[in-house]
Structure formats: structure tokens, C-alpha cells
$ cat start34.cif   # mmCIF, C-alpha atoms
data_entry
loop_
_atom_site.group_PDB
_atom_site.id
_atom_site.type_symbol
_atom_site.label_atom_id
_atom_site.label_comp_id
_atom_site.auth_asym_id
_atom_site.auth_seq_id
_atom_site.Cartn_x
_atom_site.Cartn_y
_atom_site.Cartn_z
ATOM 1 C CA MET W 1 -2.129 -3.356 -1.916
ATOM 2 C CA THR W 2 1.087 -5.304 -2.317
ATOM 3 C CA ASP W 3 3.012 -2.099 -3.114
ATOM 4 C CA ARG W 4 2.035 -0.395 0.191
ATOM 5 C CA ARG W 5 -0.625 1.829 -1.365
ATOM 6 C CA THR W 6 -3.984 1.958 0.376
ATOM 7 C CA GLY W 7 -7.078 1.100 -1.592
ATOM 8 C CA LEU W 8 -10.734 1.942 -1.109
ATOM 9 C CA LEU W 9 -13.260 -0.627 -2.285
ATOM 10 C CA ALA W 10 -16.304 0.945 -3.939
ATOM 11 C CA TYR W 11 -19.286 -0.744 -5.556
ATOM 12 C CA THR W 12 -21.512 0.807 -8.184
ATOM 13 C CA ALA W 13 -24.660 -1.001 -7.034
ATOM 14 C CA LEU W 14 -25.841 -2.834 -3.928
ATOM 15 C CA ASP W 15 -26.240 -6.106 -5.833
ATOM 16 C CA ARG W 16 -22.589 -5.876 -6.949
ATOM 17 C CA LEU W 17 -21.470 -5.322 -3.343
ATOM 18 C CA ALA W 18 -23.400 -8.421 -2.242
ATOM 19 C CA ALA W 19 -22.080 -10.496 -5.168
ATOM 20 C CA CYS W 20 -18.454 -9.394 -4.704
ATOM 21 C CA CYS W 21 -18.201 -9.240 -0.904
ATOM 22 C CA GLY W 22 -21.118 -11.165 0.565
ATOM 23 C CA GLU W 23 -24.528 -10.018 1.727
ATOM 24 C CA ALA W 24 -23.502 -9.150 5.307
ATOM 25 C CA GLN W 25 -21.442 -6.068 4.418
ATOM 26 C CA PRO W 26 -22.233 -2.730 6.003
ATOM 27 C CA TRP W 27 -22.587 -0.029 3.370
ATOM 28 C CA VAL W 28 -23.201 3.648 2.776
ATOM 29 C CA MET W 29 -24.289 5.308 -0.437
ATOM 30 C CA LEU W 30 -22.559 8.433 -1.700
ATOM 31 C CA GLN W 31 -21.850 10.086 -4.985
ATOM 32 C CA THR W 32 -18.409 9.795 -6.556
ATOM 33 C CA PRO W 33 -17.541 13.492 -5.963
ATOM 34 C CA GLU W 34 -17.926 12.873 -2.208
ATOM 35 C CA LEU W 35 -14.898 10.553 -2.233
ATOM 36 C CA GLY W 36 -12.760 13.623 -1.542
ATOM 37 C CA ARG W 37 -14.479 14.019 1.830
ATOM 38 C CA VAL W 38 -13.917 10.345 2.590
ATOM 39 C CA LYS W 39 -10.229 10.718 1.699
ATOM 40 C CA GLN W 40 -9.871 13.569 4.207
ATOM 41 C CA VAL W 41 -11.047 11.269 7.006
ATOM 42 C CA GLN W 42 -9.573 7.962 5.804
ATOM 43 C CA ALA W 43 -6.690 8.421 3.371
ATOM 44 C CA PHE W 44 -6.458 6.146 0.316
ATOM 45 C CA ASP W 45 -4.308 6.064 -2.798
ATOM 46 C CA ILE W 46 -6.621 4.335 -5.261
ATOM 47 C CA VAL W 47 -10.287 3.427 -5.626
ATOM 48 C CA ALA W 48 -11.131 -0.069 -6.878
ATOM 49 C CA PHE W 49 -14.651 -0.335 -8.281
ATOM 50 C CA ASP W 50 -16.651 -3.585 -8.183
ATOM 51 C CA LEU W 51 -13.663 -5.720 -7.156
ATOM 52 C CA PRO W 52 -14.546 -9.308 -6.185
ATOM 53 C CA VAL W 53 -13.187 -10.233 -2.751
ATOM 54 C CA PRO W 54 -12.473 -13.962 -2.216
ATOM 55 C CA ALA W 55 -14.544 -15.710 0.455
ATOM 56 C CA SER W 56 -11.249 -16.632 2.182
ATOM 57 C CA LEU W 57 -10.851 -12.930 3.105
ATOM 58 C CA ARG W 58 -14.244 -12.814 4.830
ATOM 59 C CA THR W 59 -15.150 -13.696 8.400
ATOM 60 C CA GLY W 60 -18.771 -14.402 9.199
ATOM 61 C CA GLY W 61 -19.712 -13.270 5.696
ATOM 62 C CA ARG W 62 -18.023 -9.865 6.162
ATOM 63 C CA LEU W 63 -14.662 -8.539 5.047
ATOM 64 C CA ALA W 64 -12.029 -9.409 7.608
#
$ encode --input "start34.cif" --output "C-alpha cells"
Amino acid sequence: MTDRRTGLLAYTALDRLAACCGEAQPWVMLQTPELGRVKQVQAFDIVAFDLPVPASLRTGGRLA
């Protein structure tokens, strides 16, 4: 984030992940209430759902 907050990218379906970030992304499925557990391990300030990531921010088809 440009304002120093940390964001977590989350996708509501596997096809949206592939469309927004490329097909080579690693992924894990969890329910929204489990985001609290994720935040304990990897802190974040906001969650961005289904956000398209430009190809220029990918390396080898994966997020850089």
C-alpha cells in the first residue's frame, strides 16, 4: 500500500485468482472467519478481494 499499510490479497474463486494474478499462483482455500488466524501469523491491515494485479508485477507468471 502506498500509505504503509499492509494488504492481503484474497480471491473469492480459483478462476478469479487465475484471471487477476495468472495461473501459476500458489493458493490455499480457507473460510473468511479464518483470516484472524492468518493475521496472527502474517499481520495485515486490510484485505483486498479479487484485485487484478498487473502482469508487470509478476515474474514467471507469479506475483513478484
$ closest_residue --input "start34.cif" --among "W:Ala64, W:Leu35, W:Ser56, W:Phe49" --to "Leu17 in chain W" --atoms "only C-alpha atoms"
W:Phe49
$ residues_near_point --input "start34.cif" --point "(-22.5, 1.1, -6.6)" --cutoff "12 Å" --atoms "only C-alpha atoms" --output "list in words"
Leu9, Ala10, Tyr11, Thr12, Ala13, Leu14, Asp15, Arg16, Leu17, Ala18, Ala19, Cys20, Trp27, Val28, Met29, Leu30, Gln31, Thr32, Ala48, Phe49, Asp50 and Leu51 of chain W
$ axis_aligned_box --input "start34.cif" --around "range 14-25 of chain W" --padding-each-side "4 Å" --output "JSON"
{"center_x": -22.2, "center_y": -7.0, "center_z": -0.8, "size_x": 16.0, "size_y": 16.3, "size_z": 20.3}
$ atom_distance --input "start34.cif" --atom1 "CA of Cys21 in chain W" --atom2 "CA of Leu8 in chain W"
13.4 Å
$ residues_around --input "start34.cif" --residues "Arg58 in chain W" --least-positions-apart "5" --cutoff "10 Å" --atoms "only C-alpha atoms" --output "PyMOL selection string"
chain W and resi 21-22+24-25+53+63-64
$ atom_distance --input "start34.cif" --atom1 "CA of Glu34 in chain W" --atom2 "CA of Thr6 in chain W"
17.9 Å
$ atom_distance --input "start34.cif" --atom1 "CA of Val38 in chain W" --atom2 "CA of Glu23 in chain W"
23.0 Å
